[in-house]
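Here the structure is laid out as structure tokens; the discussion comes afterwards.
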Amino acid sequence: MSTNQRFDKSRLPSRHVTEGPARAPHRSYFYAMGISEDEIHSPWVGVATCWNEAAPCNIALNRQAQSVKQGVKKGGGCPREFTTITVTDGIAMGHEGMRSSLASRDAIADTVELTMRGHCYDALVGLAGCDKSLPGMMMAMVRLNVPSVFIYGGSILPGKLNGKDVVVQDVFEAVGQHAAGNMSDAELEILERVACPSAGACGGQYTANTMACVSEAIGLALMNSSGAPAPYESRDQYGLASGEAVMNLIEKNIRARDVVTRKALENAARVVACTGGSTNAGLHLPAIAHEAGIDFDLFDVCDIFRDTPYFVNLRPGGEYVAKDLYEVGGVPLVLRELRKAGLVHEDCLTASGRTMGEELDLITREIDGKVIHPVETPITATGGVVGLKGNLAPDGAIVKVAGMAAQDQVFTGPALVFECEEEAFDAVQNRQYKEGDVFVIRNEGPAGGPGMREMLATTAALSGQGMGKKVALITDGRFSGATRGFCVGHVGPEAAHGGPIALLQNGDMITIDAVKGEISVALSDAELERRKAEWKGPRRTDYESGALWKYAQLVGKARFGAVTHPGAEKETHVYMDQ
């Protein structure tokens with residue numbers, strides 16, 4: 001037996017595989033892996049990574065996990081490393097592979113849950129690097145309600161071209177410039193070779209960095225742990241500290257749902273808004289809330305966005321990247337600016353075991369005024385992401401307005417309807433549209449896609465053609481955090497569920513007003529009802545079996561996070577207490 005008196009194994013799940021004569025066969029397996037007797041009788045900590053060789057976002061996670069394991073051992077625990085899948089959006093973008101992206105978020109949560117349950121681990125340190133893997137890992141933590149610490153793998157370094165920073169967003173937009181004849185083959189080839197010079201996730205305030213900021217604001221990650229770029233050796237220090245921190249949480253019995261409360265979710269939404277973060281946060285925050293049994297949907301998120309100032313100058317709406325934010329003080333300084341305006345709940349617990357207020361009291365550094373503006377003199381008075389509602393989207397929609405002038409936030413034009421993203425992309429490439437059109441891309445929702453694809457290829461091509469401000473785009477699918485222009489996503493109900501977007505026809509006049517938070521089509525209720533009666537039902541897809549078929553059967557509305565199970569509200573037992 002272990003002589004470590006800090007932890008009471010009789011109340012931890014790992015007792016089911018390590019304690020008593022009946023578990024001798026189990027212990028035999030552990031001895032076969034070189035685990036000592038003391039380690040066997042210590043708390044067992046799952047160290048889960050999304051490491052793979054698919055993309056630079058994930059390639060450094062395996063190395064970082066080793067420092068986490070050292071921290072767990074230093075804190076008196078037995079770390080057990082395992083991996084799960086990821087689908088990297090930048091590579092899945094613009095083709096059928098993007099259907100796997102959102103579904104992978106829930107698969108990550110499911111596989112981490114199953115591994116933890118199957119092996120009776122007592123706590124979780126989760127490392128993630130690319131878009132959906134971050135919320136997926138956090139969802140697993142809250143679902144299991146174990147002591148948990150999240151750690152981001154870090155962002156990529158910006159590339160350099162002609163003395164300027166460049167990122168992968170520039171490459172996507174260059175495709176449009178190339179198609180328009182404004183960039184040569186050679187220029188495009190040079191850009192693609194220099195835009196991504198290191199390991200790490202996309203450097204702008206796209207989905208990965210947005211959710212990395214969320215991890216600190218929601219309390220699951222140690223303060224400032226999300227900031228250092230992936231290649232920096234200093235990330236190992238955060239890994240070591242995260243491993244030690246989870247042992248402290250086990251000792252104090254501080255679990256994920258003690259951290260992720262309604263107030264913590266509101267703190268997270270504030271950070272998304274003030275940094276001009278990805279619209280995908282409007283999908284992921286409700287999904288995390290669902291795992292805790294907290295009622296927090298798209299409208300709740302957007303209410304917070306509406307009255308939060310936008311004061312952090314990050315791409316794609318601004319000028320700087322994640323590395324720059326880290327160098328001027330990172331998320332802790334952003335949170336402290338929010339606190340000055342009374343926009344932070346200070347009593348929320350964090351992964352350190354201290355409250356948010358206690359953490360912010362430790363900060364002595366001052367903001368730079370360029371990357372992080374003073375909250376008293378923000379870039380704009382309201383958040384960089386806005387919620388919309390109206391007869392075209394009774395279940396809501398979302399749009400990023402960071403970097404957009406107020407006069408550009410109202411748009412009225414005729415619908416140009418496409419049944420899928422490929423049709424719209426072809427129209428853009430062939431210039432089969434005109435200034436003032438409202439692109440309508442439907443049948444791309446969570447169930448109807450299936451998979452709720454992102455539309456970066458289409459929006460980037462429009463921007464590359466210089467038309468980003470001259471047309472608008474709405475979809476029941478999603479947009480990448482790198483998307484620029486007046487692009488409305490998450491329109492609900494989706495077309496597959498018979499929402500109004502399914503009933504639109506070419507020429508219908510659509511109005512998007514991000515100032516008032518409205519989205520409407522100039523059709524009477526009677527006309528919408530007439531069209532609904534004539535609607536022939538959802539479009540058939542090629543996904544009539546396999547994982548995407550299964551996902552389409554289970555997935556719910558985007559308004560509630562596009563989740564695939566009933567959530568904590570229907571729980572009949574708690575994993576940690578079994």
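Quick note on naming: the chains in the structure tokens go A, B, ... in the order shown, residues restart at 1 in each chain, and ligands are numbered from 1 in order of appearance.
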
> If you count only C-alpha atoms, which residues fall within 10 Å of Pro56 in chain A, apart from same-chain ones fewer than 5 positions away, as a PyMOL selection string?
Replying inline: chain A and resi 51+61+88+129-130+155-156+196-202+230

File dump, residues just selected, N, CA and C atoms, as a PDB file, in the first residue's frame:
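The result, written out as again_6.pdb:
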ATOM      1  N   TRP A  51      -2.973  14.205 -29.920  1.00  0.00           N
ATOM      2  CA  TRP A  51      -1.784  14.147 -30.767  1.00  0.00           C
ATOM      3  C   TRP A  51      -2.050  13.322 -32.026  1.00  0.00           C
ATOM      4  N   LEU A  61       1.793  17.959 -29.198  1.00  0.00           N
ATOM      5  CA  LEU A  61       1.079  17.567 -27.986  1.00  0.00           C
ATOM      6  C   LEU A  61       1.724  16.381 -27.277  1.00  0.00           C
ATOM      7  N   THR A  88      -8.691  18.182 -38.271  1.00  0.00           N
ATOM      8  CA  THR A  88      -8.156  19.540 -38.334  1.00  0.00           C
ATOM      9  C   THR A  88      -8.867  20.338 -39.415  1.00  0.00           C
ATOM     10  N   GLY A 129      -5.187  20.802 -29.439  1.00  0.00           N
ATOM     11  CA  GLY A 129      -4.512  21.777 -30.272  1.00  0.00           C
ATOM     12  C   GLY A 129      -5.343  22.394 -31.370  1.00  0.00           C
ATOM     13  N   CYS A 130      -6.378  21.699 -31.852  1.00  0.00           N
ATOM     14  CA  CYS A 130      -7.111  22.205 -33.004  1.00  0.00           C
ATOM     15  C   CYS A 130      -8.589  22.361 -32.668  1.00  0.00           C
ATOM     16  N   SER A 155      -0.278  28.144 -30.078  1.00  0.00           N
ATOM     17  CA  SER A 155      -0.517  28.604 -31.447  1.00  0.00           C
ATOM     18  C   SER A 155       0.748  28.518 -32.287  1.00  0.00           C
ATOM     19  N   ILE A 156       0.550  28.593 -33.583  1.00  0.00           N
ATOM     20  CA  ILE A 156       1.638  28.594 -34.551  1.00  0.00           C
ATOM     21  C   ILE A 156       2.286  29.983 -34.561  1.00  0.00           C
ATOM     22  N   CYS A 196       3.015  29.122 -42.685  1.00  0.00           N
ATOM     23  CA  CYS A 196       2.913  28.279 -41.479  1.00  0.00           C
ATOM     24  C   CYS A 196       4.296  27.729 -41.130  1.00  0.00           C
ATOM     25  N   PRO A 197       5.101  28.482 -40.374  1.00  0.00           N
ATOM     26  CA  PRO A 197       6.504  28.105 -40.180  1.00  0.00           C
ATOM     27  C   PRO A 197       6.800  27.201 -38.988  1.00  0.00           C
ATOM     28  N   SER A 198       5.788  26.775 -38.217  1.00  0.00           N
ATOM     29  CA  SER A 198       6.091  26.002 -37.009  1.00  0.00           C
ATOM     30  C   SER A 198       4.915  25.125 -36.627  1.00  0.00           C
ATOM     31  N   ALA A 199       5.112  24.341 -35.576  1.00  0.00           N
ATOM     32  CA  ALA A 199       3.995  23.616 -34.956  1.00  0.00           C
ATOM     33  C   ALA A 199       3.047  24.622 -34.321  1.00  0.00           C
ATOM     34  N   GLY A 200       1.801  24.191 -34.111  1.00  0.00           N
ATOM     35  CA  GLY A 200       0.825  25.023 -33.418  1.00  0.00           C
ATOM     36  C   GLY A 200      -0.429  25.249 -34.227  1.00  0.00           C
ATOM     37  N   ALA A 201      -1.468  25.712 -33.551  1.00  0.00           N
ATOM     38  CA  ALA A 201      -2.756  25.984 -34.182  1.00  0.00           C
ATOM     39  C   ALA A 201      -2.743  27.361 -34.835  1.00  0.00           C
ATOM     40  N   CYS A 202      -3.679  27.587 -35.747  1.00  0.00           N
ATOM     41  CA  CYS A 202      -3.752  28.840 -36.502  1.00  0.00           C
ATOM     42  C   CYS A 202      -3.659  30.043 -35.571  1.00  0.00           C
ATOM     43  N   ALA A 230       3.279  27.176 -29.603  1.00  0.00           N
ATOM     44  CA  ALA A 230       3.607  25.752 -29.478  1.00  0.00           C
ATOM     45  C   ALA A 230       5.110  25.467 -29.459  1.00  0.00           C
TER      46      ALA A 230
END

> So which bits of range 218-384 of chain A end up alpha helix (DSSP H) when you DSSP the backbone, as number ranges by chain?
Replying inline: A: 235-252, 256-259, 262-274, 281-292, 298-306, 322-327, 330-340, 356-361

> Using only C-alpha atoms, which of A:Ala533, A:Met139, A:Ala217, A:Leu333 sits nearest Leu362 in chain A?
Replying inline: A:Leu333

>> One decimal, in Å: what's the spacing between CA of Ala281 in chain A and CA of Arg354 in chain A?
In response: 25.3 Å

>> Please list as JSON, numbers by chain every residue within 7 Å of Val328 in chain A, counting only C-alpha atoms and excluding residues in the same chain fewer than 3 positions away.
In response: {"A": [324, 325, 367, 368]}

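For Glu39 in chain A, the residues within 8 Å (counting only C-alpha atoms, excluding itself and residues fewer than 2 positions away along the chain) are A:Ser2, A:Ile35, A:Ser36, A:Glu37, A:His41, A:Ser42, A:Pro43, A:Gly77, A:Cys78.
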